[in-house]
Amino acid sequence: MILDAARHEINLFLLALGYFSRIPMPKWVSYSPEKLNHASRYFTLVGWLLGLGVACIYFLSHQFLSVNISIWLSILFSLLLTGAFHEDGLADTADGLGGGFTREKKLTIMKDSRIGTYGACALVMALLGKFVLLQETHNTILCIAIAYALSRMLAVSLLFDVDIASDPDTEKVKPMAKAQSLTDKIILLASALPLIFLVDWKTLLLLTIMLMVIRQIAKAYFNHHLQGVTGDCLGATQQVSELCIYLALIAQGF
């Protein structure tokens with residue numbers, strides 16, 4: 001029974017990793033909407049893993065290249081690693097909310113694979129923002145790892161108490177949008193506990209308050225415009241919160 005439970009949890013973790021990255025999954029990993037639903041419990045942990053991978057690229061590059069080039073390479077690697085998954089959500093959300101005047105029109109624009117002016121501007125500013133902010137950090141490796149984990153935790157947490165805005169048959173987020181359990185919530189939040197050992201209490205307090213504020217703003221904003229969230233909204237939330245985390249860490253001297 002213990003072995004079966006461990007195998008089940010490993011399967012959920014690999015589903016979460018496969019959902020958020022382009023890392024090939026073993027053939028024995030089994031998929032179902034319900035399993036992906038509960039795989040959300042490991043999205044914070046996946047954030048740590050992806051962040052450490054990107055941070056390693058920065059570290060290795062910085063042994064031979066300048067800071068700026070190393071940061072650029074780490075951002076490029078992140079885009080390749082995740083398939084620009086969250087950046088695509090940011091661009092679609094900006095296009096939909098910027099170009100639509102009704103809920104239905106906004107959702108229609110967000111499902112359009114083409115990128116518009118609002119999306120292009122949001123994408124450029126987000127990528128440029130990461131490049132500029134990471135230049136200001138004193139501990140780039142730590143900042144990347146923290147931002148990747150916490151931003152994904154925040155974005156996914158919206159699924160626990162916000163409705164899905166669009167047709168579940170066409171929405172990217174549909175596999176996760178049914179019923180997260182209390183266990184899913186606990187593991188998702190508990191996976192952020194390493195932060196206690198990485199920052200001082202003032203930084204921890206600042207990050208906690210800031211993320212709670214961002215979450216409430218995102219929740220209210222998406223409910224007002226879309227009466228819920230879409231997968232693109234979660235991607236946009238992740239990107240915005242990642243930038244804000246860098247700002248907060250820089251303000252604390254990281």
# chains A, B, ... in the order shown; residues from 1 in each chain; ligands from 1

call {"tool": "residues_around", "arguments": {"residues": "region 223-238 of chain A", "least_positions_apart": "5", "cutoff": "10 Å", "atoms": "only C-alpha atoms", "output": "ChimeraX atom specification"}}
result
/A:84-94,96-97,100-104,106-107,110-111,122-123,126,147-159,161-168,171-174,176-177,214-215,217-218,243-244

call {"tool": "residues_around", "arguments": {"residues": "Arg22 (chain A)", "least_positions_apart": "3", "cutoff": "10 Å", "atoms": "only C-alpha atoms", "output": "CSV table (one decimal) with C-alpha atoms, in the first residue's frame"}}
result
chain,number,residue,atom,x,y,z
A,17,LEU,CA,6.4,18.8,-14.2
A,18,GLY,CA,5.2,17.8,-17.7
A,19,TYR,CA,2.4,20.4,-17.5
A,25,MET,CA,7.9,12.4,-19.3
A,79,LEU,CA,11.5,30.2,-22.4
A,80,LEU,CA,12.7,26.9,-24.0
A,81,LEU,CA,12.2,25.0,-20.8
A,82,THR,CA,8.6,26.0,-20.3
A,83,GLY,CA,7.6,26.6,-23.9
A,84,ALA,CA,6.9,30.2,-23.0
A,85,PHE,CA,3.8,28.8,-21.3

call {"tool": "atom_distance", "arguments": {"atom1": "CA of Leu198 (chain A)", "atom2": "CA of Ile57 (chain A)"}}
result
20.2 Å

call {"tool": "select_by_dssp", "arguments": {"residues": "region 58-121 of chain A", "states": "helix (DSSP H, G or I)", "output": "ChimeraX atom specification"}}
result
/A:58-62,67-82,85-99,103-111,117-121

call {"tool": "write_last_selection", "arguments": {"atoms": "N, CA and C atoms", "output": "CSV table (one decimal), in the first residue's frame"}}
result
chain,number,residue,atom,x,y,z
A,58,TYR,N,22.4,30.3,-15.4
A,58,TYR,CA,23.0,31.6,-15.1
A,58,TYR,C,24.4,31.4,-14.4
A,59,PHE,N,24.4,30.5,-13.5
A,59,PHE,CA,25.7,30.2,-12.8
A,59,PHE,C,26.8,29.8,-13.7
A,60,LEU,N,26.5,28.8,-14.5
A,60,LEU,CA,27.4,28.2,-15.5
A,60,LEU,C,27.9,29.3,-16.5
A,61,SER,N,26.9,30.0,-17.0
A,61,SER,CA,27.3,31.1,-18.0
A,61,SER,C,28.2,32.1,-17.4
A,62,HIS,N,27.9,32.5,-16.2
A,62,HIS,CA,28.6,33.5,-15.5
A,62,HIS,C,30.1,33.2,-15.2
A,67,VAL,N,27.6,39.3,-16.8
A,67,VAL,CA,26.3,39.2,-16.1
A,67,VAL,C,25.2,39.4,-17.0
A,68,ASN,N,25.2,40.4,-17.9
A,68,ASN,CA,24.1,40.6,-18.8
A,68,ASN,C,23.9,39.5,-19.7
A,69,ILE,N,24.9,38.9,-20.3
A,69,ILE,CA,24.8,37.8,-21.2
A,69,ILE,C,24.3,36.6,-20.5
A,70,SER,N,24.8,36.4,-19.3
A,70,SER,CA,24.3,35.2,-18.5
A,70,SER,C,22.8,35.3,-18.1
A,71,ILE,N,22.4,36.5,-17.8
A,71,ILE,CA,20.9,36.7,-17.5
A,71,ILE,C,20.1,36.5,-18.8
A,72,TRP,N,20.6,37.0,-19.9
A,72,TRP,CA,19.9,36.8,-21.2
A,72,TRP,C,19.8,35.3,-21.5
A,73,LEU,N,20.9,34.6,-21.3
A,73,LEU,CA,20.9,33.1,-21.6
A,73,LEU,C,19.9,32.4,-20.6
A,74,SER,N,19.9,32.8,-19.4
A,74,SER,CA,19.0,32.2,-18.4
A,74,SER,C,17.5,32.4,-18.8
A,75,ILE,N,17.2,33.6,-19.3
A,75,ILE,CA,15.8,33.9,-19.7
A,75,ILE,C,15.5,33.1,-20.9
A,76,LEU,N,16.4,33.0,-21.9
A,76,LEU,CA,16.2,32.2,-23.1
A,76,LEU,C,16.0,30.7,-22.7
A,77,PHE,N,16.8,30.2,-21.8
A,77,PHE,CA,16.6,28.8,-21.4
A,77,PHE,C,15.3,28.6,-20.7
A,78,SER,N,14.8,29.6,-19.9
A,78,SER,CA,13.5,29.5,-19.3
A,78,SER,C,12.4,29.4,-20.3
A,79,LEU,N,12.5,30.2,-21.4
A,79,LEU,CA,11.5,30.2,-22.4
A,79,LEU,C,11.4,28.8,-23.1
A,80,LEU,N,12.6,28.3,-23.4
A,80,LEU,CA,12.7,26.9,-24.0
A,80,LEU,C,12.2,25.8,-23.0
A,81,LEU,N,12.6,26.0,-21.8
A,81,LEU,CA,12.2,25.0,-20.8
A,81,LEU,C,10.7,24.9,-20.6
A,82,THR,N,10.1,26.0,-20.5
A,82,THR,CA,8.6,26.0,-20.3
A,82,THR,C,7.8,26.2,-21.5
A,85,PHE,N,5.2,29.1,-21.8
A,85,PHE,CA,3.8,28.8,-21.3
A,85,PHE,C,3.1,29.9,-20.6
A,86,HIS,N,3.8,30.5,-19.7
A,86,HIS,CA,3.2,31.6,-18.9
A,86,HIS,C,3.2,32.9,-19.7
A,87,GLU,N,4.3,33.1,-20.5
A,87,GLU,CA,4.4,34.3,-21.3
A,87,GLU,C,3.2,34.4,-22.3
A,88,ASP,N,2.9,33.2,-22.9
A,88,ASP,CA,1.7,33.2,-23.8
A,88,ASP,C,0.4,33.6,-23.1
A,89,GLY,N,0.3,33.1,-21.9
A,89,GLY,CA,-0.9,33.5,-21.1
A,89,GLY,C,-1.0,35.0,-20.8
A,90,LEU,N,0.2,35.6,-20.5
A,90,LEU,CA,0.3,37.0,-20.3
A,90,LEU,C,-0.1,37.8,-21.5
A,91,ALA,N,0.4,37.4,-22.7
A,91,ALA,CA,0.1,38.1,-23.9
A,91,ALA,C,-1.4,38.0,-24.3
A,92,ASP,N,-1.9,36.8,-24.2
A,92,ASP,CA,-3.4,36.6,-24.5
A,92,ASP,C,-4.3,37.3,-23.5
A,93,THR,N,-3.9,37.4,-22.3
A,93,THR,CA,-4.7,38.1,-21.3
A,93,THR,C,-4.7,39.6,-21.6
A,94,ALA,N,-3.5,40.1,-21.9
A,94,ALA,CA,-3.4,41.6,-22.2
A,94,ALA,C,-4.2,41.9,-23.4
A,95,ASP,N,-4.1,41.1,-24.5
A,95,ASP,CA,-4.9,41.3,-25.7
A,95,ASP,C,-6.4,41.3,-25.4
A,96,GLY,N,-6.9,40.3,-24.6
A,96,GLY,CA,-8.3,40.1,-24.4
A,96,GLY,C,-8.8,41.2,-23.5
A,97,LEU,N,-8.2,41.5,-22.4
A,97,LEU,CA,-8.7,42.5,-21.5
A,97,LEU,C,-8.4,44.0,-22.0
A,98,GLY,N,-7.4,44.1,-22.9
A,98,GLY,CA,-7.1,45.4,-23.4
A,98,GLY,C,-8.0,45.7,-24.7
A,99,GLY,N,-8.3,44.7,-25.4
A,99,GLY,CA,-9.0,44.9,-26.7
A,99,GLY,C,-10.5,44.6,-26.7
A,103,ARG,N,-17.5,40.8,-21.9
A,103,ARG,CA,-16.9,39.6,-21.3
A,103,ARG,C,-16.7,38.6,-22.5
A,104,GLU,N,-17.7,38.4,-23.3
A,104,GLU,CA,-17.6,37.4,-24.4
A,104,GLU,C,-16.5,37.7,-25.4
A,105,LYS,N,-16.4,39.0,-25.7
A,105,LYS,CA,-15.4,39.5,-26.7
A,105,LYS,C,-14.0,39.3,-26.1
A,106,LYS,N,-13.8,39.6,-24.8
A,106,LYS,CA,-12.5,39.4,-24.1
A,106,LYS,C,-12.1,38.0,-24.2
A,107,LEU,N,-13.0,37.1,-23.9
A,107,LEU,CA,-12.7,35.6,-23.9
A,107,LEU,C,-12.4,35.1,-25.3
A,108,THR,N,-13.1,35.7,-26.3
A,108,THR,CA,-12.9,35.3,-27.7
A,108,THR,C,-11.5,35.7,-28.1
A,109,ILE,N,-11.1,36.9,-27.8
A,109,ILE,CA,-9.8,37.4,-28.1
A,109,ILE,C,-8.7,36.6,-27.5
A,110,MET,N,-8.9,36.3,-26.2
A,110,MET,CA,-7.9,35.5,-25.5
A,110,MET,C,-7.7,34.1,-26.1
A,111,LYS,N,-8.7,33.6,-26.7
A,111,LYS,CA,-8.5,32.3,-27.3
A,111,LYS,C,-7.9,32.3,-28.7
A,117,THR,N,-1.4,44.1,-30.3
A,117,THR,CA,-0.6,45.2,-29.7
A,117,THR,C,-0.4,45.1,-28.2
A,118,TYR,N,-1.6,44.9,-27.5
A,118,TYR,CA,-1.5,44.8,-26.1
A,118,TYR,C,-0.7,43.7,-25.6
A,119,GLY,N,-0.8,42.5,-26.3
A,119,GLY,CA,-0.1,41.4,-25.9
A,119,GLY,C,1.4,41.5,-26.2
A,120,ALA,N,1.7,42.1,-27.3
A,120,ALA,CA,3.1,42.3,-27.7
A,120,ALA,C,3.8,43.3,-26.6
A,121,CYS,N,3.1,44.4,-26.3
A,121,CYS,CA,3.6,45.3,-25.3
A,121,CYS,C,3.8,44.7,-24.0

call {"tool": "atom_distance", "arguments": {"atom1": "CA of Ile144 (chain A)", "atom2": "CA of Ser191 (chain A)"}}
result
16.1 Å

call {"tool": "residues_around", "arguments": {"residues": "Ile10 (chain A)", "least_positions_apart": "5", "cutoff": "12 Å", "atoms": "only C-alpha atoms", "output": "PyMOL selection string"}}
result
chain A and resi 3-5+15-17+25-26+28-30+35+38-39+41-42

call {"tool": "atom_distance", "arguments": {"atom1": "CA of Leu142 (chain A)", "atom2": "CA of Leu207 (chain A)"}}
result
14.2 Å

call {"tool": "closest_residue", "arguments": {"among": "A:Trp48, A:Phe13, A:Phe197, A:Phe43", "to": "Tyr31 (chain A)", "atoms": "only C-alpha atoms"}}
result
A:Phe13

call {"tool": "closest_residue", "arguments": {"among": "A:Gln252, A:Asn11, A:Asn37, A:Thr140", "to": "Leu204 (chain A)", "atoms": "only C-alpha atoms"}}
result
A:Gln252
